>>> print(open('query.txt').read())   # compact mmCIF, C-alpha atoms
# COMPACT_ATOMS: atom_id res chain seq x y z
CA MET A 1 -23.87 -46.39 -5.26
CA ASP A 2 -25.32 -49.87 -5.75
CA ASP A 3 -29.01 -49.59 -6.65
CA THR A 4 -29.71 -52.57 -4.41
CA HIS A 5 -28.69 -50.53 -1.37
CA VAL A 6 -30.98 -47.63 -2.25
CA GLU A 7 -33.94 -49.84 -3.10
CA ALA A 8 -33.64 -51.78 0.17
CA PHE A 9 -33.35 -48.53 2.14
CA ALA A 10 -36.39 -47.03 0.40
CA GLU A 11 -38.43 -50.15 1.05
CA ALA A 12 -37.52 -50.15 4.73
CA ALA A 13 -38.36 -46.43 4.95
CA SER A 14 -42.03 -47.28 4.38
CA ASP A 15 -41.99 -48.77 7.89
CA GLY A 16 -39.73 -46.05 9.24
CA ILE A 17 -35.95 -46.02 9.75
CA ALA A 18 -34.03 -44.62 12.70
CA PHE A 19 -30.44 -45.85 12.67
CA ASP A 20 -26.95 -44.43 13.11
CA GLY A 21 -27.99 -40.79 12.84
CA ILE A 22 -30.54 -40.99 10.02
CA GLU A 23 -34.32 -41.07 10.22
CA ALA A 24 -36.40 -41.78 7.14
CA ALA A 25 -40.10 -42.29 6.43
CA VAL A 26 -42.51 -42.15 3.50
CA GLU A 27 -44.90 -39.22 3.63
CA GLY A 28 -47.31 -38.51 0.81
CA GLY A 29 -45.32 -40.49 -1.71
CA ARG A 30 -42.08 -38.67 -0.87
CA TYR A 31 -39.19 -39.62 1.39
CA ALA A 32 -38.86 -37.50 4.52
CA VAL A 33 -35.25 -37.75 5.71
CA GLU A 34 -33.41 -36.17 8.62
CA THR A 35 -29.85 -36.74 9.84
CA THR A 36 -27.92 -35.60 12.87
CA ALA A 37 -25.81 -33.50 10.49
CA GLU A 38 -28.84 -31.48 9.30
CA ALA A 39 -31.09 -29.23 11.29
CA GLU A 40 -34.22 -29.82 9.22
CA SER A 41 -35.99 -32.72 7.54
CA THR A 42 -35.60 -33.01 3.75
CA SER A 43 -38.32 -34.17 1.39
CA ILE A 44 -37.06 -36.22 -1.57
CA ALA A 45 -39.21 -37.47 -4.43
CA ASP A 46 -37.21 -40.36 -5.93
CA LEU A 47 -34.49 -42.95 -5.35
CA ASP A 48 -31.90 -41.00 -7.31
CA GLY A 49 -32.38 -38.11 -4.91
CA LEU A 50 -31.90 -40.41 -1.93
CA ALA A 51 -28.70 -41.88 -3.35
CA ALA A 52 -27.26 -38.47 -4.20
CA SER A 53 -28.11 -36.86 -0.85
CA TYR A 54 -27.31 -39.62 1.67
CA PRO A 55 -24.86 -42.12 0.10
CA GLU A 56 -22.86 -42.83 3.28
CA TYR A 57 -25.91 -43.21 5.51
CA ILE A 58 -27.59 -45.57 3.04
CA SER A 59 -24.40 -47.60 2.51
CA ASN A 60 -23.94 -47.87 6.28
CA TRP A 61 -27.57 -48.86 6.89
CA TYR A 62 -27.37 -51.56 4.20
CA PHE A 63 -24.15 -53.02 5.60
CA TRP A 64 -25.50 -53.41 9.12
CA HIS A 65 -28.86 -54.84 8.02
CA ALA A 66 -27.92 -56.94 4.98
CA LYS A 67 -24.23 -57.87 5.18
CA ALA A 68 -23.07 -57.89 8.79
CA PRO A 69 -23.82 -61.12 10.69
CA GLN A 70 -27.05 -60.64 12.59
CA ALA A 71 -26.10 -62.75 15.62
CA GLU A 72 -26.11 -60.13 18.37
CA PRO A 73 -22.61 -60.78 19.84
CA ARG A 74 -20.94 -60.68 16.41
CA TRP A 75 -22.94 -57.66 15.29
CA ALA A 76 -22.03 -55.78 18.48
CA TYR A 77 -18.37 -56.77 18.13
CA LEU A 78 -18.11 -55.44 14.58
CA ARG A 79 -19.71 -52.17 15.66
CA TRP A 80 -17.27 -51.92 18.54
CA LEU A 81 -14.36 -52.31 16.12
CA GLU A 82 -15.34 -49.06 14.39
CA ASN A 83 -16.63 -47.13 17.43
CA ALA A 84 -20.09 -47.12 15.86
CA GLU A 85 -21.94 -46.12 19.00
CA SER A 86 -19.96 -42.92 19.54
CA THR A 87 -18.80 -41.75 16.09
CA PRO A 88 -21.32 -40.18 13.66
CA ILE A 89 -21.39 -41.43 10.09
CA PRO A 90 -19.51 -38.62 8.28
CA ASP A 91 -16.63 -38.76 10.76
CA ARG A 92 -16.67 -42.55 10.92
CA TYR A 93 -16.50 -42.95 7.15
CA ASP A 94 -13.55 -40.55 7.03
CA GLN A 95 -11.81 -42.69 9.64
CA LEU A 96 -12.71 -45.93 7.89
CA ARG A 97 -11.26 -44.70 4.61
CA GLU A 98 -7.99 -44.15 6.45
CA GLY A 99 -8.34 -47.45 8.32
CA LEU A 100 -9.39 -48.04 11.94
CA THR A 101 -7.14 -50.43 13.88
CA THR A 102 -8.04 -52.20 17.13
CA THR A 103 -6.18 -54.85 19.13
CA TRP A 104 -7.83 -57.99 20.49
CA GLY A 105 -5.34 -59.96 22.53
CA GLU A 106 -2.40 -60.39 20.17
CA LEU A 107 -4.59 -59.73 17.13
CA SER A 108 -4.53 -56.48 15.19
CA ILE A 109 -7.75 -55.80 13.28
CA THR A 110 -8.01 -52.98 10.75
CA VAL A 111 -11.32 -52.15 9.09
CA THR A 112 -11.26 -49.98 5.97
CA LEU A 113 -13.60 -49.03 3.14
CA ASP A 114 -12.75 -50.08 -0.40
CA GLU A 115 -13.51 -48.04 -3.53
CA ASP A 116 -17.17 -49.14 -3.33
CA ASP A 117 -17.45 -48.15 0.34
CA GLU A 118 -17.59 -51.82 1.33
CA ARG A 119 -15.94 -52.79 4.62
CA VAL A 120 -12.80 -54.91 4.37
CA TYR A 121 -11.01 -56.37 7.40
CA ASP A 122 -7.27 -56.93 7.72
CA LEU A 123 -6.34 -59.41 10.48
CA ARG A 124 -2.76 -60.02 11.61
CA HIS A 125 -0.50 -60.36 14.65
CA VAL A 126 0.08 -57.12 16.58
CA ASP A 127 3.83 -57.54 16.02
CA ASP A 128 3.18 -57.26 12.28
CA THR A 129 1.20 -54.02 12.46
CA GLY A 130 2.54 -51.73 9.76
CA THR A 131 4.37 -54.55 7.98
CA ASP A 132 3.81 -54.75 4.22
CA ALA A 133 1.28 -57.52 3.59
CA ASP A 134 3.43 -58.85 0.73
CA SER A 135 6.12 -59.86 3.24
CA LEU A 136 3.66 -61.91 5.32
CA ASP A 137 2.06 -65.29 4.63
CA ALA A 138 -1.43 -64.48 3.30
CA TYR A 139 -4.59 -66.47 4.08
CA ASP A 140 -8.24 -66.04 3.14
CA ASP A 141 -9.99 -68.99 4.81
CA PRO A 142 -10.94 -68.37 8.47
CA LEU A 143 -10.29 -72.06 9.17
CA ASP A 144 -6.60 -71.39 8.66
CA ALA A 145 -6.67 -69.43 11.92
CA ARG A 146 -7.26 -72.69 13.78
CA THR A 147 -4.01 -74.10 12.37
CA LEU A 148 -2.03 -70.92 13.03
CA ALA A 149 -3.20 -70.91 16.66
CA LYS A 150 -1.84 -74.40 17.37
CA HIS A 151 1.87 -73.56 17.62
CA ASP A 152 4.04 -70.63 18.66
CA ASP A 153 6.92 -69.05 16.71
CA ARG A 154 9.19 -71.89 17.85
CA ASP A 155 6.69 -74.51 16.65
CA ARG A 156 5.77 -75.54 20.20
CA TYR A 157 2.19 -76.64 20.81
CA ARG A 158 0.00 -74.05 22.54
CA PRO A 159 -2.32 -75.81 25.01
CA LEU A 160 -3.85 -72.48 26.03
CA LYS A 161 -5.22 -70.52 23.07
CA THR A 162 -5.30 -67.24 25.01
CA ALA A 163 -1.64 -67.44 26.06
CA PRO A 164 0.45 -64.51 24.73
CA THR A 165 2.42 -66.87 22.48
CA LEU A 166 0.55 -66.58 19.18
CA GLN A 167 2.89 -66.95 16.23
CA SER A 168 3.42 -63.98 13.92
CA GLY A 169 4.25 -63.58 10.23
CA TRP A 170 0.77 -64.07 8.71
CA VAL A 171 -2.09 -61.91 7.48
CA PHE A 172 -5.72 -62.26 6.41
CA PRO A 173 -5.72 -59.17 4.18
CA GLU A 174 -9.29 -59.00 2.85
CA LEU A 175 -11.85 -60.64 5.08
CA GLY A 176 -15.56 -59.89 5.03
CA PRO A 177 -17.45 -59.28 8.28
CA THR A 178 -18.62 -62.87 8.76
CA GLU A 179 -15.18 -64.29 7.96
CA LEU A 180 -13.51 -61.84 10.32
CA VAL A 181 -15.50 -62.89 13.39
CA GLN A 182 -15.07 -66.56 12.44
CA ALA A 183 -11.29 -66.15 12.30
CA VAL A 184 -11.22 -64.31 15.64
CA ASP A 185 -13.26 -67.13 17.19
CA PHE A 186 -10.77 -69.69 15.87
CA PHE A 187 -7.84 -67.76 17.35
CA TYR A 188 -9.59 -67.04 20.67
CA PRO A 189 -12.62 -69.34 21.13
CA ALA A 190 -15.68 -67.87 22.90
CA THR A 191 -14.00 -64.54 23.63
CA ILE A 192 -16.48 -62.54 21.53
CA SER A 193 -19.53 -64.17 23.09
CA ASN A 194 -18.20 -63.80 26.64
CA TRP A 195 -17.19 -60.18 25.95
CA HIS A 196 -20.74 -59.50 24.80
CA ARG A 197 -22.33 -61.28 27.75
CA GLU A 198 -20.26 -59.14 30.08
CA ARG A 199 -21.30 -55.94 28.29
CA GLU A 200 -24.92 -56.97 28.64
CA GLY A 201 -24.50 -57.82 32.32
CA GLU A 202 -25.14 -61.50 31.61
CA LEU A 203 -21.73 -63.09 32.12
CA ASP A 204 -22.26 -66.33 34.05
CA VAL A 205 -19.20 -66.66 36.28
CA SER A 206 -18.27 -70.00 37.83
CA HIS A 207 -16.00 -69.31 40.80
CA TRP A 208 -13.25 -71.60 42.10
CA ARG A 209 -15.43 -73.40 44.63
CA ASP A 210 -18.20 -73.97 42.07
CA THR A 211 -15.75 -75.32 39.50
CA VAL A 212 -13.86 -77.54 41.94
CA ASP A 213 -17.09 -79.07 43.24
CA ARG A 214 -17.71 -80.44 39.73
CA GLN A 215 -14.35 -82.22 39.49
CA THR A 216 -14.33 -86.01 39.52
CA GLY A 217 -11.81 -88.82 38.98
CA ILE A 218 -8.15 -87.84 39.14
CA TYR A 219 -9.09 -84.16 39.46
CA GLY A 220 -11.26 -84.74 42.50
CA VAL A 221 -8.17 -84.37 44.70
CA VAL A 222 -8.34 -80.60 44.13
CA LYS A 223 -11.39 -80.53 46.42
CA THR A 224 -9.05 -81.00 49.38
CA TRP A 225 -8.12 -77.35 48.96
CA ASP A 226 -11.42 -76.45 50.57
CA ARG A 227 -9.70 -76.70 53.92
CA GLY A 228 -8.79 -73.65 55.99
CA ASP A 229 -5.66 -72.70 54.07
CA GLY A 230 -7.25 -73.41 50.68
CA TYR A 231 -7.88 -69.72 50.05
CA GLU A 232 -4.16 -68.96 50.09
CA HIS A 233 -3.45 -71.90 47.78
CA VAL A 234 -5.95 -70.60 45.24
CA ASN A 235 -4.27 -67.18 45.38
CA TRP A 236 -1.01 -68.90 44.45
CA VAL A 237 -2.71 -70.69 41.55
CA ALA A 238 -4.21 -67.46 40.23
CA GLU A 239 -0.90 -65.63 40.56
CA ALA A 240 0.89 -68.41 38.69
CA CYS A 241 -1.61 -68.94 35.87
CA CYS A 242 -3.85 -65.89 35.48
CA ASP A 243 -1.36 -63.06 35.05
CA ASP A 244 -1.26 -61.00 31.83
CA SER A 245 2.11 -62.57 31.07
CA GLN A 246 0.50 -66.03 30.99
CA CYS A 247 -3.06 -65.47 29.72
CA LEU A 248 -4.69 -62.60 27.84
CA LYS A 249 -8.08 -63.10 29.49
CA ARG A 250 -9.13 -60.94 32.42
CA ARG A 251 -9.96 -63.22 35.35
CA GLU A 252 -13.46 -62.56 36.70
CA TRP A 253 -13.80 -65.70 38.83
CA GLN A 254 -12.94 -65.50 42.52
CA TYR A 255 -12.63 -67.98 45.38
CA ASP A 256 -16.42 -68.02 45.73
CA ASP A 257 -19.26 -65.56 45.16
CA GLU A 258 -18.56 -63.90 48.51
CA THR A 259 -14.75 -64.03 48.67
CA GLU A 260 -12.48 -62.25 46.22
CA LEU A 261 -8.91 -63.38 45.66
CA ASP A 262 -6.06 -61.06 46.65
CA VAL A 263 -4.19 -61.19 43.34
CA ASP A 264 -4.96 -59.00 40.33
CA GLY A 265 -7.06 -60.54 37.58
CA GLY A 266 -5.28 -58.98 34.61
CA SER A 267 -6.25 -56.30 32.11
CA GLY A 268 -7.42 -58.20 29.01
CA LYS A 269 -10.33 -57.00 26.87
CA PHE A 270 -12.20 -60.29 27.18
CA PRO A 271 -13.21 -61.93 30.47
CA CYS A 272 -12.40 -65.34 31.92
CA ARG A 273 -15.56 -66.71 33.47
CA GLU A 274 -14.21 -69.84 35.17
CA PRO A 275 -10.96 -71.67 36.02
CA CYS A 276 -9.82 -73.31 32.78
CA SER A 277 -8.67 -76.90 32.34
CA LEU A 278 -5.01 -75.80 32.48
CA VAL A 279 -5.59 -74.16 35.86
CA ILE A 280 -7.35 -77.25 37.21
CA ALA A 281 -4.59 -79.54 35.89
CA GLY A 282 -1.94 -77.35 37.52
CA ALA A 283 -3.91 -77.23 40.77
CA ARG A 284 -4.10 -81.03 40.81
CA LYS A 285 -0.31 -81.29 40.66
CA TRP A 286 0.21 -78.56 43.25
CA THR A 287 -2.36 -80.19 45.53
CA LYS A 288 -0.27 -83.34 45.59
CA LEU A 289 2.99 -81.42 46.06
CA GLU A 290 1.54 -79.33 48.89
CA GLY A 291 0.60 -82.56 50.65
CA GLU A 292 4.25 -83.37 51.26
CA GLN A 293 5.71 -82.86 54.71
CA SER A 294 8.20 -80.02 55.03
CA GLN A 295 11.85 -80.94 55.56
CA THR A 296 14.77 -78.81 56.70
CA TYR A 297 17.76 -78.62 54.35
CA GLU A 298 20.94 -76.74 55.07
CA PHE A 299 23.03 -75.12 52.35
CA GLU A 300 25.79 -72.56 52.36
CA LEU A 301 25.42 -69.80 49.77
CA THR A 302 27.17 -66.50 49.27
CA PRO A 303 24.82 -63.48 49.08
CA SER A 304 25.41 -63.31 45.31
CA GLU A 305 24.58 -67.00 44.89
CA LYS A 306 21.31 -66.56 46.78
CA GLU A 307 20.41 -63.60 44.56
CA GLN A 308 21.36 -65.61 41.49
CA LEU A 309 19.03 -68.47 42.44
CA GLU A 310 16.24 -65.91 42.87
CA ALA A 311 17.04 -64.42 39.46
CA ILE A 312 16.95 -67.85 37.82
CA ILE A 313 13.52 -68.63 39.28
CA ASP A 314 12.18 -65.22 38.25
CA ALA A 315 13.50 -65.59 34.69
CA VAL A 316 12.00 -69.05 34.24
CA ALA A 317 8.67 -68.07 35.84
CA ASP A 318 8.35 -64.95 33.65
CA GLY A 319 9.45 -66.72 30.46
CA GLU A 320 12.52 -64.51 30.09
CA ALA A 321 15.28 -67.11 30.31
CA ASP A 322 15.53 -67.49 26.52
CA ASP A 323 15.95 -63.73 26.12
CA ILE A 324 19.16 -63.65 28.16
CA ARG A 325 22.12 -63.92 25.79
CA GLU A 326 25.34 -65.79 26.47
CA ALA A 327 27.11 -62.43 26.54
CA ASP A 328 24.82 -61.10 29.31
CA ILE A 329 27.19 -62.42 31.95
CA TYR A 330 25.94 -59.94 34.55
CA GLU A 331 22.43 -61.43 34.45
CA GLY A 332 21.85 -63.96 37.24
CA ALA A 333 20.00 -66.30 34.87
CA ASN A 334 22.73 -66.18 32.24
CA ARG A 335 23.38 -69.72 31.01
CA TYR A 336 27.11 -69.69 31.71
CA ARG A 337 26.59 -68.29 35.20
CA ALA A 338 23.95 -70.95 35.87
CA ARG A 339 26.31 -73.67 34.66
CA PHE A 340 29.12 -72.30 36.84
CA LEU A 341 26.78 -72.34 39.86
CA ARG A 342 25.79 -75.93 39.08
CA ALA A 343 29.44 -76.98 38.72
CA LYS A 344 30.24 -75.44 42.08
CA LEU A 345 27.21 -76.45 44.17
CA PHE A 346 25.90 -79.75 42.73
CA ASP A 347 27.48 -83.12 43.39
CA ASP A 348 27.82 -85.88 40.78
CA GLU A 349 24.29 -87.11 41.53
CA GLY A 350 22.78 -83.67 40.96
CA ASN A 351 22.13 -82.85 44.62
CA LEU A 352 22.29 -79.19 45.57
CA GLY A 353 25.06 -78.73 48.13
CA GLY A 354 25.57 -82.50 48.12
CA VAL A 355 22.42 -82.82 50.25
CA GLU A 356 20.13 -85.67 49.24
CA THR A 357 16.39 -85.07 49.04
CA GLU A 358 14.49 -86.76 51.85
CA GLN A 359 11.16 -88.33 50.91
>>> encode(input="query.txt", output="structure tokens")
Amino acid sequence: MDDTHVEAFAEAASDGIAFDGIEAAVEGGRYAVETTAEAESTSIADLDGLAASYPEYISNWYFWHAKAPQAEPRWAYLRWLENAESTPIPDRYDQLREGLTTTWGELSITVTLDEDDERVYDLRHVDDTGTDADSLDAYDDPLDARTLAKHDDRDRYRPLKTAPTLQSGWVFPELGPTELVQAVDFFYPATISNWHREREGELDVSHWRDTVDRQTGIYGVVKTWDRGDGYEHVNWVAEACCDDSQCLKRREWQYDDETELDVDGGSGKFPCREPCSLVIAGARKWTKLEGEQSQTYEFELTPSEKEQLEAIIDAVADGEADDIREADIYEGANRYRARFLRAKLFDDEGNLGGVETEQ
């Protein structure tokens, strides 16, 4: 064991230590130590005796007081990753030597102990869990996470960092505690701090009405949804944007502080405390579209064609259209079936059923 760890522990014991199952104090020039694994207090005369008797407890104490970031949200997050509040040190160190893996959105985080009982963090995409690190692109600078988060696997820009579209194929194999939380923050900004605020009962939620009241300029039009049917419109917005398939946050904002929305808020580990800019931008467009007057259009469709149109909308809305192969001819959203339907029902100007759109 590193002498620095023992010396720091012994010095702190003069003021008394009670942490993670060990209590230590200086009594009459000797160290009085008790752990949850022992029934009685032990009196130890020197530092060598401390190091030999309680290596894991001392190593653990030193990590949390000298190496882990001391900012409360980050400190709490790192302890959560290894179930520190519920797993005693002997059991926890056994688990850490094997590797403890936790998911955070689409991130897979594994904390292990190296040969010196120092914590090392492996960060990668959940789809790459179990993949040999040598077959992944390796990074060591947390700033690289910001670049990786910009585009998906098809190199398309990701405007929403918490969308379930994070690219895979990379690994940060040996991060320290500070670097780990920095990288997580670059992948999913503010999720650790908001997670911690929620745990502490301090999450400041800004509901739909509160957020909309702050909108100005081109986004001020969204305020018109505060009319009688606005509540239903906001339900549609939340259903469209705040589902697990679209965002990994768990929506905590409602219509206002007295009125909950009807749609589910998702099951993510980290909370969403207010409508994001993407939601407001979408609501602006839908506000304008909902202002149009309804028109009656008449089309003739076979039952199968009606079901196919429904399947196409579902596939596009759920992001599944690209997963339907050309050979999946029985799928309503199959590309060839969609092209056949277009050839049959659209005229040369692209009007469904040859019916022009009335403005």
>>> residues_around(input="query.txt", residues="Gly353 (chain A)", least_positions_apart="4", cutoff="9 Å", atoms="all atoms listed in the file", output="ChimeraX atom specification")
/A:298-300,344-347
>>> residues_around(input="query.txt", residues="region 111-114 of chain A", least_positions_apart="3", cutoff="9 Å", atoms="only C-alpha atoms", output="number ranges by chain")
A: 81-82, 93, 95-102, 117-123
>>> closest_residue(input="query.txt", among="A:Ser86, A:Val6, A:Glu72, A:Asp15", to="Pro55 (chain A)", atoms="all atoms listed in the file")
A:Val6
>>> atom_distance(input="query.txt", atom1="CA of Ala163 (chain A)", atom2="CA of Ser245 (chain A)")
7.9 Å
>>> atom_distance(input="query.txt", atom1="CA of Asp213 (chain A)", atom2="CA of Ala240 (chain A)")
21.4 Å
>>> residues_around(input="query.txt", residues="region 139-154 of chain A", least_positions_apart="2", cutoff="12 Å", atoms="all atoms listed in the file", output="ChimeraX atom specification")
/A:106-107,121-125,127,133-134,136-137,156-189,322
>>> closest_residue(input="query.txt", among="A:Ile329, A:Ile22, A:Val237, A:Val355", to="Tyr297 (chain A)", atoms="all atoms listed in the file")
A:Val355
>>> closest_residue(input="query.txt", among="A:His65, A:Lys285, A:Arg92, A:His5", to="Ala51 (chain A)", atoms="all atoms listed in the file")
A:His5
>>> atom_distance(input="query.txt", atom1="CA of Gly268 (chain A)", atom2="CA of Glu239 (chain A)")
15.2 Å
>>> residues_around(input="query.txt", residues="Glu326 (chain A)", least_positions_apart="4", cutoff="7 Å", atoms="all atoms listed in the file", output="PyMOL selection string")
chain A and resi 334-336
>>> write_last_selection(input="query.txt", atoms="C-alpha atoms", output="mmCIF file, in the frame of the given file")
data_model
loop_
_atom_site.group_PDB
_atom_site.id
_atom_site.type_symbol
_atom_site.label_atom_id
_atom_site.label_comp_id
_atom_site.auth_asym_id
_atom_site.auth_seq_id
_atom_site.Cartn_x
_atom_site.Cartn_y
_atom_site.Cartn_z
ATOM 1 C CA ASN A 334 22.730 -66.180 32.240
ATOM 2 C CA ARG A 335 23.380 -69.720 31.010
ATOM 3 C CA TYR A 336 27.110 -69.690 31.710
#
>>> residues_around(input="query.txt", residues="Ile192 (chain A)", least_positions_apart="5", cutoff="8 Å", atoms="all atoms listed in the file", output="PyMOL selection string")
chain A and resi 73-74+77+185+270
>>> closest_residue(input="query.txt", among="A:Lys249, A:Asp204, A:Thr4, A:Thr259", to="Tyr231 (chain A)", atoms="all atoms listed in the file")
A:Thr259
>>> residues_near_point(input="query.txt", point="(-21.1, -51.3, 12.8)", cutoff="9 Å", atoms="all atoms listed in the file", output="list of chain:residue names")
A:Asn60, A:Phe63, A:Trp64, A:Ala68, A:Trp75, A:Ala76, A:Tyr77, A:Leu78, A:Arg79, A:Trp80, A:Leu81, A:Glu82, A:Asn83, A:Ala84, A:Glu85
>>> write_last_selection(input="query.txt", atoms="C-alpha atoms", output="PDB file, in the coordinates of the input")
ATOM      1  CA  ASN A  60     -23.940 -47.870   6.280  1.00  0.00           C
ATOM      2  CA  PHE A  63     -24.150 -53.020   5.600  1.00  0.00           C
ATOM      3  CA  TRP A  64     -25.500 -53.410   9.120  1.00  0.00           C
ATOM      4  CA  ALA A  68     -23.070 -57.890   8.790  1.00  0.00           C
ATOM      5  CA  TRP A  75     -22.940 -57.660  15.290  1.00  0.00           C
ATOM      6  CA  ALA A  76     -22.030 -55.780  18.480  1.00  0.00           C
ATOM      7  CA  TYR A  77     -18.370 -56.770  18.130  1.00  0.00           C
ATOM      8  CA  LEU A  78     -18.110 -55.440  14.580  1.00  0.00           C
ATOM      9  CA  ARG A  79     -19.710 -52.170  15.660  1.00  0.00           C
ATOM     10  CA  TRP A  80     -17.270 -51.920  18.540  1.00  0.00           C
ATOM     11  CA  LEU A  81     -14.360 -52.310  16.120  1.00  0.00           C
ATOM     12  CA  GLU A  82     -15.340 -49.060  14.390  1.00  0.00           C
ATOM     13  CA  ASN A  83     -16.630 -47.130  17.430  1.00  0.00           C
ATOM     14  CA  ALA A  84     -20.090 -47.120  15.860  1.00  0.00           C
ATOM     15  CA  GLU A  85     -21.940 -46.120  19.000  1.00  0.00           C
TER      16      GLU A  85
END
>>> axis_aligned_box(input="query.txt", around="region 197-211 of chain A", padding_each_side="8 Å", output="JSON")
{"center_x": -19.2, "center_y": -65.6, "center_z": 36.2, "size_x": 27.9, "size_y": 35.4, "size_z": 32.9}
